[in-house]
Amino acid sequence: MLYDGPNERLYYAIESGPAETWAGLPVRHLSSNSWLVAPGPEQIDDWFGGWYELPDDDTLTDADTLRAALRHPSLAASLKEVSR
């Protein structure tokens, strides 16, 4: 997982799959032709952000688990509070 501090975004490394399975969720799907510039693992700080967990074949976030978490009612309530 990568945290982009200035833009307040989280990036999860997951297996590629169809973007439409994320429809209606608060995510932006980066396609295989997208670029994400990320700092080296040694460059982590509170303002800039950085890697919380480096992606490799053993640590990819499970897409189904992430999707279920994003559909959880408590997230929807939190997003409504933020948008006020």
# chains A, B, ... in the order shown; residues from 1 in each chain; ligands from 1

$ residues_around --residues "range 71-76 of chain A" --least-positions-apart "6" --cutoff "10 Å" --atoms "only C-alpha atoms" --output "list in words"
Trp22, Gly24, Leu25, Pro26 and Thr65 of chain A

$ write_last_selection --atoms "N, CA, C and O atoms" --output "mmCIF file, in the first residue's frame"
data_model
loop_
_atom_site.group_PDB
_atom_site.id
_atom_site.type_symbol
_atom_site.label_atom_id
_atom_site.label_comp_id
_atom_site.auth_asym_id
_atom_site.auth_seq_id
_atom_site.Cartn_x
_atom_site.Cartn_y
_atom_site.Cartn_z
ATOM 1 N N TRP A 22 -15.506 -2.564 -9.908
ATOM 2 C CA TRP A 22 -15.321 -1.532 -8.893
ATOM 3 C C TRP A 22 -16.323 -0.391 -9.063
ATOM 4 O O TRP A 22 -16.268 0.601 -8.341
ATOM 5 N N GLY A 24 -19.218 2.174 -8.785
ATOM 6 C CA GLY A 24 -19.978 2.646 -7.641
ATOM 7 C C GLY A 24 -19.177 2.756 -6.356
ATOM 8 O O GLY A 24 -19.715 3.176 -5.338
ATOM 9 N N LEU A 25 -17.908 2.380 -6.384
ATOM 10 C CA LEU A 25 -17.064 2.457 -5.197
ATOM 11 C C LEU A 25 -16.143 3.670 -5.292
ATOM 12 O O LEU A 25 -15.826 4.133 -6.386
ATOM 13 N N PRO A 26 -15.687 4.191 -4.149
ATOM 14 C CA PRO A 26 -14.837 5.386 -4.163
ATOM 15 C C PRO A 26 -13.385 5.048 -4.528
ATOM 16 O O PRO A 26 -12.463 5.189 -3.716
ATOM 17 N N THR A 65 -11.432 -8.843 -0.889
ATOM 18 C CA THR A 65 -11.476 -8.324 0.476
ATOM 19 C C THR A 65 -11.519 -6.803 0.470
ATOM 20 O O THR A 65 -12.289 -6.190 1.216
#

$ atom_distance --atom1 "CA of Ala63 in chain A" --atom2 "CA of Tyr12 in chain A"
9.1 Å

$ residues_around --residues "His29 in chain A" --least-positions-apart "4" --cutoff "10 Å" --atoms "only C-alpha atoms" --output "ChimeraX atom specification"
/A:11,16-20,22-23,34

$ write_last_selection --atoms "N, CA and C atoms" --output "PDB file, in the first residue's frame"
ATOM      1  N   TYR A  11      -2.968   3.941  -2.453  1.00  0.00           N
ATOM      2  CA  TYR A  11      -2.880   3.087  -3.639  1.00  0.00           C
ATOM      3  C   TYR A  11      -2.617   1.663  -3.161  1.00  0.00           C
ATOM      4  N   SER A  16      -4.570  -7.591 -11.501  1.00  0.00           N
ATOM      5  CA  SER A  16      -5.372  -6.877 -12.492  1.00  0.00           C
ATOM      6  C   SER A  16      -6.660  -7.643 -12.769  1.00  0.00           C
ATOM      7  N   GLY A  17      -7.663  -6.890 -13.155  1.00  0.00           N
ATOM      8  CA  GLY A  17      -8.967  -7.468 -13.452  1.00  0.00           C
ATOM      9  C   GLY A  17      -9.856  -6.405 -14.034  1.00  0.00           C
ATOM     10  N   PRO A  18     -11.094  -6.750 -14.305  1.00  0.00           N
ATOM     11  CA  PRO A  18     -11.989  -5.797 -14.946  1.00  0.00           C
ATOM     12  C   PRO A  18     -12.335  -4.612 -14.035  1.00  0.00           C
ATOM     13  N   ALA A  19     -12.227  -3.411 -14.573  1.00  0.00           N
ATOM     14  CA  ALA A  19     -12.509  -2.194 -13.813  1.00  0.00           C
ATOM     15  C   ALA A  19     -13.979  -2.099 -13.423  1.00  0.00           C
ATOM     16  N   GLU A  20     -14.868  -2.675 -14.218  1.00  0.00           N
ATOM     17  CA  GLU A  20     -16.297  -2.534 -13.914  1.00  0.00           C
ATOM     18  C   GLU A  20     -16.704  -3.206 -12.605  1.00  0.00           C
ATOM     19  N   TRP A  22     -15.506  -2.564  -9.908  1.00  0.00           N
ATOM     20  CA  TRP A  22     -15.321  -1.532  -8.893  1.00  0.00           C
ATOM     21  C   TRP A  22     -16.323  -0.391  -9.063  1.00  0.00           C
ATOM     22  N   ALA A  23     -17.263  -0.528  -9.988  1.00  0.00           N
ATOM     23  CA  ALA A  23     -18.236   0.533 -10.263  1.00  0.00           C
ATOM     24  C   ALA A  23     -19.019   0.886  -9.002  1.00  0.00           C
ATOM     25  N   SER A  34      -1.288   2.749 -17.244  1.00  0.00           N
ATOM     26  CA  SER A  34      -1.111   3.882 -16.345  1.00  0.00           C
ATOM     27  C   SER A  34       0.269   3.849 -15.711  1.00  0.00           C
TER      28      SER A  34
END

$ residues_around --residues "Gly5 in chain A" --least-positions-apart "3" --cutoff "7 Å" --atoms "only C-alpha atoms" --output "ChimeraX atom specification"
/A:8-9,47-49

$ atom_distance --atom1 "CA of Arg67 in chain A" --atom2 "CA of Gly40 in chain A"
27.3 Å

$ atom_distance --atom1 "CA of Ala77 in chain A" --atom2 "CA of Leu10 in chain A"
18.7 Å

$ select_by_dssp --residues "range 10-79 of chain A" --states "helix (DSSP H, G or I)" --output "PyMOL selection string"
chain A and resi 19-22+63-70+73-79

$ write_last_selection --atoms "N, CA, C and O atoms" --output "PDB file, in the first residue's frame"
ATOM      1  N   ALA A  19     -12.227  -3.411 -14.573  1.00  0.00           N
ATOM      2  CA  ALA A  19     -12.509  -2.194 -13.813  1.00  0.00           C
ATOM      3  C   ALA A  19     -13.979  -2.099 -13.423  1.00  0.00           C
ATOM      4  O   ALA A  19     -14.315  -1.505 -12.396  1.00  0.00           O
ATOM      5  N   GLU A  20     -14.868  -2.675 -14.218  1.00  0.00           N
ATOM      6  CA  GLU A  20     -16.297  -2.534 -13.914  1.00  0.00           C
ATOM      7  C   GLU A  20     -16.704  -3.206 -12.605  1.00  0.00           C
ATOM      8  O   GLU A  20     -17.742  -2.881 -12.041  1.00  0.00           O
ATOM      9  N   THR A  21     -15.893  -4.111 -12.074  1.00  0.00           N
ATOM     10  CA  THR A  21     -16.233  -4.737 -10.792  1.00  0.00           C
ATOM     11  C   THR A  21     -16.085  -3.750  -9.634  1.00  0.00           C
ATOM     12  O   THR A  21     -16.501  -4.042  -8.528  1.00  0.00           O
ATOM     13  N   TRP A  22     -15.506  -2.564  -9.908  1.00  0.00           N
ATOM     14  CA  TRP A  22     -15.321  -1.532  -8.893  1.00  0.00           C
ATOM     15  C   TRP A  22     -16.323  -0.391  -9.063  1.00  0.00           C
ATOM     16  O   TRP A  22     -16.268   0.601  -8.341  1.00  0.00           O
ATOM     17  N   ALA A  63      -8.167  -8.473  -3.837  1.00  0.00           N
ATOM     18  CA  ALA A  63      -9.143  -7.572  -4.451  1.00  0.00           C
ATOM     19  C   ALA A  63     -10.547  -7.771  -3.883  1.00  0.00           C
ATOM     20  O   ALA A  63     -11.267  -6.797  -3.641  1.00  0.00           O
ATOM     21  N   ASP A  64     -10.969  -9.002  -3.649  1.00  0.00           N
ATOM     22  CA  ASP A  64     -12.316  -9.263  -3.123  1.00  0.00           C
ATOM     23  C   ASP A  64     -12.470  -8.705  -1.708  1.00  0.00           C
ATOM     24  O   ASP A  64     -13.511  -8.142  -1.365  1.00  0.00           O
ATOM     25  N   THR A  65     -11.432  -8.843  -0.889  1.00  0.00           N
ATOM     26  CA  THR A  65     -11.476  -8.324   0.476  1.00  0.00           C
ATOM     27  C   THR A  65     -11.519  -6.803   0.470  1.00  0.00           C
ATOM     28  O   THR A  65     -12.289  -6.190   1.216  1.00  0.00           O
ATOM     29  N   LEU A  66     -10.713  -6.178  -0.383  1.00  0.00           N
ATOM     30  CA  LEU A  66     -10.713  -4.725  -0.487  1.00  0.00           C
ATOM     31  C   LEU A  66     -12.070  -4.215  -0.979  1.00  0.00           C
ATOM     32  O   LEU A  66     -12.629  -3.265  -0.428  1.00  0.00           O
ATOM     33  N   ARG A  67     -12.623  -4.867  -1.977  1.00  0.00           N
ATOM     34  CA  ARG A  67     -13.929  -4.473  -2.521  1.00  0.00           C
ATOM     35  C   ARG A  67     -15.005  -4.585  -1.431  1.00  0.00           C
ATOM     36  O   ARG A  67     -15.839  -3.688  -1.273  1.00  0.00           O
ATOM     37  N   ALA A  68     -14.983  -5.658  -0.660  1.00  0.00           N
ATOM     38  CA  ALA A  68     -15.972  -5.836   0.415  1.00  0.00           C
ATOM     39  C   ALA A  68     -15.807  -4.751   1.483  1.00  0.00           C
ATOM     40  O   ALA A  68     -16.806  -4.224   1.991  1.00  0.00           O
ATOM     41  N   ALA A  69     -14.582  -4.389   1.810  1.00  0.00           N
ATOM     42  CA  ALA A  69     -14.340  -3.339   2.806  1.00  0.00           C
ATOM     43  C   ALA A  69     -14.866  -1.995   2.304  1.00  0.00           C
ATOM     44  O   ALA A  69     -15.447  -1.212   3.074  1.00  0.00           O
ATOM     45  N   LEU A  70     -14.690  -1.722   1.017  1.00  0.00           N
ATOM     46  CA  LEU A  70     -15.160  -0.459   0.456  1.00  0.00           C
ATOM     47  C   LEU A  70     -16.681  -0.392   0.361  1.00  0.00           C
ATOM     48  O   LEU A  70     -17.251   0.688   0.280  1.00  0.00           O
ATOM     49  N   PRO A  73     -20.975  -0.530   5.185  1.00  0.00           N
ATOM     50  CA  PRO A  73     -21.790   0.645   5.518  1.00  0.00           C
ATOM     51  C   PRO A  73     -21.045   1.726   6.307  1.00  0.00           C
ATOM     52  O   PRO A  73     -21.322   2.906   6.149  1.00  0.00           O
ATOM     53  N   SER A  74     -20.100   1.353   7.148  1.00  0.00           N
ATOM     54  CA  SER A  74     -19.389   2.367   7.937  1.00  0.00           C
ATOM     55  C   SER A  74     -18.540   3.268   7.042  1.00  0.00           C
ATOM     56  O   SER A  74     -18.363   4.442   7.336  1.00  0.00           O
ATOM     57  N   LEU A  75     -18.033   2.754   5.933  1.00  0.00           N
ATOM     58  CA  LEU A  75     -17.274   3.584   4.999  1.00  0.00           C
ATOM     59  C   LEU A  75     -18.191   4.589   4.320  1.00  0.00           C
ATOM     60  O   LEU A  75     -17.856   5.767   4.184  1.00  0.00           O
ATOM     61  N   ALA A  76     -19.356   4.136   3.910  1.00  0.00           N
ATOM     62  CA  ALA A  76     -20.313   5.041   3.272  1.00  0.00           C
ATOM     63  C   ALA A  76     -20.675   6.178   4.221  1.00  0.00           C
ATOM     64  O   ALA A  76     -20.749   7.343   3.815  1.00  0.00           O
ATOM     65  N   ALA A  77     -20.880   5.879   5.495  1.00  0.00           N
ATOM     66  CA  ALA A  77     -21.210   6.907   6.480  1.00  0.00           C
ATOM     67  C   ALA A  77     -20.039   7.874   6.663  1.00  0.00           C
ATOM     68  O   ALA A  77     -20.236   9.084   6.759  1.00  0.00           O
ATOM     69  N   SER A  78     -18.813   7.363   6.674  1.00  0.00           N
ATOM     70  CA  SER A  78     -17.632   8.214   6.810  1.00  0.00           C
ATOM     71  C   SER A  78     -17.472   9.145   5.624  1.00  0.00           C
ATOM     72  O   SER A  78     -17.141  10.311   5.773  1.00  0.00           O
ATOM     73  N   LEU A  79     -17.721   8.636   4.425  1.00  0.00           N
ATOM     74  CA  LEU A  79     -17.604   9.461   3.226  1.00  0.00           C
ATOM     75  C   LEU A  79     -18.639  10.585   3.216  1.00  0.00           C
ATOM     76  O   LEU A  79     -18.366  11.689   2.774  1.00  0.00           O
TER      77      LEU A  79
END

$ residues_around --residues "Glu15 in chain A" --least-positions-apart "3" --cutoff "8 Å" --atoms "only C-alpha atoms" --output "JSON, numbers by chain"
{"A": [60, 61, 62, 63]}

$ write_last_selection --atoms "C-alpha atoms" --output "PDB file, in the first residue's frame"
ATOM      1  CA  LEU A  60      -0.740  -8.097  -3.050  1.00  0.00           C
ATOM      2  CA  THR A  61      -3.974  -6.907  -1.477  1.00  0.00           C
ATOM      3  CA  ASP A  62      -6.795  -9.374  -2.045  1.00  0.00           C
ATOM      4  CA  ALA A  63      -9.143  -7.572  -4.451  1.00  0.00           C
TER       5      ALA A  63
END
